[in-house]
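Data block for work-v2.pdb (PDB, N, CA and C atoms):
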```pdb
MODEL        1
ATOM      1  N   MET A1013       6.861 230.115  -5.539
ATOM      2  CA  MET A1013       7.817 229.101  -5.101
ATOM      3  C   MET A1013       7.357 227.704  -5.515
ATOM      4  N   LYS A1014       6.051 227.424  -5.316
ATOM      5  CA  LYS A1014       5.531 226.109  -5.671
ATOM      6  C   LYS A1014       5.572 225.886  -7.175
ATOM      7  N   ALA A1015       5.366 226.951  -7.946
ATOM      8  CA  ALA A1015       5.393 226.827  -9.405
ATOM      9  C   ALA A1015       6.801 226.477  -9.885
ATOM     10  N   LYS A1016       7.818 227.083  -9.289
ATOM     11  CA  LYS A1016       9.200 226.781  -9.665
ATOM     12  C   LYS A1016       9.537 225.331  -9.355
ATOM     13  N   LEU A1017       9.119 224.862  -8.201
ATOM     14  CA  LEU A1017       9.371 223.474  -7.820
ATOM     15  C   LEU A1017       8.671 222.510  -8.762
ATOM     16  N   LEU A1018       7.443 222.831  -9.147
ATOM     17  CA  LEU A1018       6.699 221.998 -10.073
ATOM     18  C   LEU A1018       7.378 221.962 -11.440
ATOM     19  N   ILE A1019       7.859 223.100 -11.906
ATOM     20  CA  ILE A1019       8.546 223.154 -13.201
ATOM     21  C   ILE A1019       9.823 222.311 -13.172
ATOM     22  N   ILE A1020      10.590 222.408 -12.093
ATOM     23  CA  ILE A1020      11.813 221.607 -11.973
ATOM     24  C   ILE A1020      11.486 220.124 -11.952
ATOM     25  N   LEU A1021      10.444 219.745 -11.229
ATOM     26  CA  LEU A1021      10.039 218.337 -11.169
ATOM     27  C   LEU A1021       9.627 217.820 -12.547
ATOM     28  N   VAL A1022       8.875 218.611 -13.274
ATOM     29  CA  VAL A1022       8.440 218.209 -14.620
ATOM     30  C   VAL A1022       9.641 218.055 -15.545
ATOM     31  N   ILE A1023      10.593 218.979 -15.474
ATOM     32  CA  ILE A1023      11.787 218.903 -16.315
ATOM     33  C   ILE A1023      12.583 217.641 -16.001
ATOM     34  N   LEU A1024      12.752 217.320 -14.722
ATOM     35  CA  LEU A1024      13.492 216.112 -14.351
ATOM     36  C   LEU A1024      12.777 214.846 -14.807
ATOM     37  N   LEU A1025      11.454 214.856 -14.782
ATOM     38  CA  LEU A1025      10.702 213.690 -15.236
ATOM     39  C   LEU A1025      10.729 213.551 -16.758
ATOM     40  N   MET A1026      10.855 214.664 -17.456
ATOM     41  CA  MET A1026      10.896 214.618 -18.919
ATOM     42  C   MET A1026      12.252 214.149 -19.432
ATOM     43  N   PHE A1027      13.312 214.402 -18.684
ATOM     44  CA  PHE A1027      14.667 214.049 -19.098
ATOM     45  C   PHE A1027      15.333 213.152 -18.058
ATOM     46  N   PRO A1028      14.913 211.881 -17.977
ATOM     47  CA  PRO A1028      15.468 211.004 -16.935
ATOM     48  C   PRO A1028      16.953 210.710 -17.108
ATOM     49  N   ALA A1029      17.470 210.782 -18.326
ATOM     50  CA  ALA A1029      18.889 210.498 -18.539
ATOM     51  C   ALA A1029      19.763 211.524 -17.834
ATOM     52  N   VAL A1030      19.289 212.739 -17.701
ATOM     53  CA  VAL A1030      20.050 213.788 -17.030
ATOM     54  C   VAL A1030      20.176 213.485 -15.543
ATOM     55  N   SER A1031      19.128 212.933 -14.959
ATOM     56  CA  SER A1031      19.139 212.679 -13.519
ATOM     57  C   SER A1031      19.752 211.343 -13.142
ATOM     58  N   GLU A1032      20.163 210.533 -14.101
ATOM     59  CA  GLU A1032      20.742 209.230 -13.814
ATOM     60  C   GLU A1032      22.261 209.266 -13.921
ATOM     61  N   ALA A1033      22.885 210.212 -13.284
ATOM     62  CA  ALA A1033      24.339 210.337 -13.342
ATOM     63  C   ALA A1033      24.978 209.229 -12.504
ATOM     64  N   GLN A1034      26.141 208.781 -12.965
ATOM     65  CA  GLN A1034      26.888 207.758 -12.249
ATOM     66  C   GLN A1034      28.337 208.179 -12.131
ATOM     67  N   CYS A1035      28.996 207.631 -11.150
ATOM     68  CA  CYS A1035      30.427 207.853 -11.026
ATOM     69  C   CYS A1035      31.109 207.178 -12.209
ATOM     70  N   ALA A1036      32.010 207.879 -12.860
ATOM     71  CA  ALA A1036      32.676 207.345 -14.052
ATOM     72  C   ALA A1036      33.492 206.100 -13.727
ATOM     73  N   MET A1037      34.148 206.081 -12.579
ATOM     74  CA  MET A1037      34.960 204.929 -12.210
ATOM     75  C   MET A1037      34.084 203.708 -11.937
ATOM     76  N   CYS A1038      32.990 203.894 -11.223
ATOM     77  CA  CYS A1038      32.105 202.767 -10.929
ATOM     78  C   CYS A1038      31.522 202.197 -12.212
ATOM     79  N   ARG A1039      31.098 203.081 -13.088
ATOM     80  CA  ARG A1039      30.513 202.628 -14.343
ATOM     81  C   ARG A1039      31.541 201.852 -15.164
ATOM     82  N   ALA A1040      32.779 202.327 -15.221
ATOM     83  CA  ALA A1040      33.822 201.650 -15.996
ATOM     84  C   ALA A1040      34.102 200.260 -15.438
ATOM     85  N   VAL A1041      34.141 200.131 -14.125
ATOM     86  CA  VAL A1041      34.409 198.828 -13.509
ATOM     87  C   VAL A1041      33.268 197.858 -13.794
ATOM     88  N   VAL A1042      32.037 198.319 -13.658
ATOM     89  CA  VAL A1042      30.887 197.444 -13.867
ATOM     90  C   VAL A1042      30.797 197.012 -15.328
ATOM     91  N   GLU A1043      31.066 197.924 -16.241
ATOM     92  CA  GLU A1043      30.968 197.576 -17.655
ATOM     93  C   GLU A1043      32.100 196.654 -18.110
ATOM     94  N   SER A1044      33.244 196.708 -17.439
ATOM     95  CA  SER A1044      34.368 195.879 -17.861
ATOM     96  C   SER A1044      34.270 194.443 -17.349
ATOM     97  N   GLU A1045      33.516 194.205 -16.312
ATOM     98  CA  GLU A1045      33.364 192.856 -15.764
ATOM     99  C   GLU A1045      32.349 192.071 -16.581
ATOM    100  N   SER A1046      32.624 190.809 -16.806
ATOM    101  CA  SER A1046      31.715 189.986 -17.598
ATOM    102  C   SER A1046      30.843 189.068 -16.744
ATOM    103  N   ASP A1047      31.295 188.747 -15.521
ATOM    104  CA  ASP A1047      30.549 187.783 -14.710
ATOM    105  C   ASP A1047      29.419 188.409 -13.899
ATOM    106  N   GLY A1048      29.448 189.712 -13.671
ATOM    107  CA  GLY A1048      28.367 190.384 -12.955
ATOM    108  C   GLY A1048      28.507 190.389 -11.450
ATOM    109  N   LYS A1049      29.567 189.770 -10.928
ATOM    110  CA  LYS A1049      29.745 189.751  -9.471
ATOM    111  C   LYS A1049      30.053 191.141  -8.931
ATOM    112  N   THR A1050      30.800 191.914  -9.698
ATOM    113  CA  THR A1050      31.130 193.273  -9.254
ATOM    114  C   THR A1050      29.882 194.134  -9.214
ATOM    115  N   ALA A1051      29.027 194.015 -10.212
ATOM    116  CA  ALA A1051      27.784 194.783 -10.237
ATOM    117  C   ALA A1051      26.898 194.425  -9.051
ATOM    118  N   GLU A1052      26.848 193.136  -8.730
ATOM    119  CA  GLU A1052      26.049 192.697  -7.584
ATOM    120  C   GLU A1052      26.620 193.250  -6.281
ATOM    121  N   ALA A1053      27.942 193.266  -6.155
ATOM    122  CA  ALA A1053      28.578 193.797  -4.947
ATOM    123  C   ALA A1053      28.337 195.296  -4.810
ATOM    124  N   ILE A1054      28.408 196.007  -5.914
ATOM    125  CA  ILE A1054      28.145 197.450  -5.861
ATOM    126  C   ILE A1054      26.697 197.708  -5.474
ATOM    127  N   ASN A1055      25.765 196.946  -6.031
ATOM    128  CA  ASN A1055      24.358 197.108  -5.669
ATOM    129  C   ASN A1055      24.116 196.795  -4.197
ATOM    130  N   ASN A1056      24.756 195.758  -3.674
ATOM    131  CA  ASN A1056      24.614 195.432  -2.253
ATOM    132  C   ASN A1056      25.165 196.553  -1.380
ATOM    133  N   GLY A1057      26.270 197.151  -1.791
ATOM    134  CA  GLY A1057      26.836 198.266  -1.046
ATOM    135  C   GLY A1057      25.918 199.465  -1.037
ATOM    136  N   ILE A1058      25.280 199.734  -2.161
ATOM    137  CA  ILE A1058      24.342 200.856  -2.231
ATOM    138  C   ILE A1058      23.157 200.620  -1.313
ATOM    139  N   VAL A1059      22.632 199.408  -1.310
ATOM    140  CA  VAL A1059      21.498 199.091  -0.435
ATOM    141  C   VAL A1059      21.900 199.226   1.028
ATOM    142  N   TYR A1060      23.088 198.763   1.375
ATOM    143  CA  TYR A1060      23.580 198.868   2.747
ATOM    144  C   TYR A1060      23.699 200.330   3.162
ATOM    145  N   LEU A1061      24.298 201.148   2.317
ATOM    146  CA  LEU A1061      24.454 202.565   2.643
ATOM    147  C   LEU A1061      23.108 203.279   2.705
ATOM    148  N   MET A1062      22.150 202.836   1.920
ATOM    149  CA  MET A1062      20.833 203.456   1.923
ATOM    150  C   MET A1062      20.027 203.049   3.155
ATOM    151  N   ALA A1063      20.228 201.840   3.658
ATOM    152  CA  ALA A1063      19.424 201.331   4.766
ATOM    153  C   ALA A1063      19.802 201.943   6.108
ATOM    154  N   ILE A1064      21.057 202.284   6.311
ATOM    155  CA  ILE A1064      21.512 202.785   7.607
ATOM    156  C   ILE A1064      20.754 204.037   8.058
ATOM    157  N   PRO A1065      20.594 205.065   7.225
ATOM    158  CA  PRO A1065      19.836 206.238   7.697
ATOM    159  C   PRO A1065      18.393 205.913   8.059
ATOM    160  N   TYR A1066      17.760 205.006   7.306
ATOM    161  CA  TYR A1066      16.382 204.643   7.629
ATOM    162  C   TYR A1066      16.296 203.937   8.977
ATOM    163  N   VAL A1067      17.240 203.073   9.269
ATOM    164  CA  VAL A1067      17.246 202.381  10.557
ATOM    165  C   VAL A1067      17.465 203.378  11.692
ATOM    166  N   LEU A1068      18.369 204.317  11.512
ATOM    167  CA  LEU A1068      18.625 205.325  12.544
ATOM    168  C   LEU A1068      17.404 206.208  12.788
ATOM    169  N   VAL A1069      16.757 206.645  11.732
ATOM    170  CA  VAL A1069      15.567 207.491  11.887
ATOM    171  C   VAL A1069      14.433 206.701  12.529
ATOM    172  N   ALA A1070      14.255 205.447  12.135
ATOM    173  CA  ALA A1070      13.210 204.618  12.741
ATOM    174  C   ALA A1070      13.472 204.420  14.233
ATOM    175  N   GLY A1071      14.728 204.186  14.607
ATOM    176  CA  GLY A1071      15.071 204.057  16.024
ATOM    177  C   GLY A1071      14.812 205.339  16.798
ATOM    178  N   LEU A1072      15.138 206.460  16.198
ATOM    179  CA  LEU A1072      14.887 207.752  16.843
ATOM    180  C   LEU A1072      13.399 207.962  17.081
ATOM    181  N   PHE A1073      12.584 207.689  16.059
ATOM    182  CA  PHE A1073      11.143 207.853  16.219
ATOM    183  C   PHE A1073      10.574 206.876  17.230
ATOM    184  N   TYR A1074      11.142 205.671  17.316
ATOM    185  CA  TYR A1074      10.679 204.703  18.305
ATOM    186  C   TYR A1074      10.941 205.205  19.716
ATOM    187  N   PHE A1075      12.151 205.738  19.951
ATOM    188  CA  PHE A1075      12.458 206.251  21.286
ATOM    189  C   PHE A1075      11.631 207.481  21.620
ATOM    190  N   ILE A1076      11.355 208.318  20.652
ATOM    191  CA  ILE A1076      10.488 209.480  20.893
ATOM    192  C   ILE A1076       9.078 209.016  21.217
ATOM    193  N   TYR A1077       8.590 208.007  20.496
ATOM    194  CA  TYR A1077       7.262 207.473  20.752
ATOM    195  C   TYR A1077       7.170 206.887  22.155
ATOM    196  N   ARG A1078       8.196 206.116  22.547
ATOM    197  CA  ARG A1078       8.189 205.526  23.896
ATOM    198  C   ARG A1078       8.222 206.596  24.975
ATOM    199  N   LYS A1079       8.983 207.662  24.740
ATOM    200  CA  LYS A1079       9.082 208.733  25.737
ATOM    201  C   LYS A1079       7.767 209.498  25.848
ATOM    202  N   MET A1080       7.097 209.724  24.731
ATOM    203  CA  MET A1080       5.836 210.456  24.755
ATOM    204  C   MET A1080       4.701 209.603  25.323
ATOM    205  N   LYS A1081       4.774 208.289  25.089
ATOM    206  CA  LYS A1081       3.722 207.404  25.563
ATOM    207  C   LYS A1081       3.813 207.172  27.069
ATOM    208  N   GLY A1082       5.019 207.010  27.554
ATOM    209  CA  GLY A1082       5.154 206.622  28.953
ATOM    210  C   GLY A1082       5.782 207.659  29.727
TER     211      GLY A1082
ENDMDL
END
```

As structure tokens:
Amino acid sequence: MKAKLLIILVILLMFPAVSEAQCAMCRAVVESESDGKTAEAINNGIVYLMAIPYVLVAGLFYFIYRKMKG
């Protein structure tokens, strides 16, 4: 099992273009804009969507820590 996982990881690292898939619509919109404001807005949206799960998990671990400590 570990060997299969290692082989898959090596393949993904050897071919980064395969793992960098993008939504066709998002890519078309970003490439068609010349001022870059749309690209910045899309990047901000991605960061926002990425941050929410981390904040929720951190809050969960904080409450578990408080419950175990006290």

Handout entry: Å distance separating atom C of Pro1065 of chain A from atom N of Tyr1077 of chain A, one decimal place
Key = 16.0 Å

Exercise for the section: Could you give me, as an MDAnalysis selection string, each residue of chain A that DSSP assigns to alpha helix (DSSP H) when run on this structure's backbone? Expected result: chainID A and resid 1014:1026 1028:1031 1036:1044 1049:1081

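Counting from atom CA of Thr1050 of chain A, the distance to atom CA of Cys1035 of chain A is 14.7 Å.
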
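Here atom C of Arg1039 of chain A is placed at a distance of 24.0 Å from atom CA of Leu1025 of chain A.
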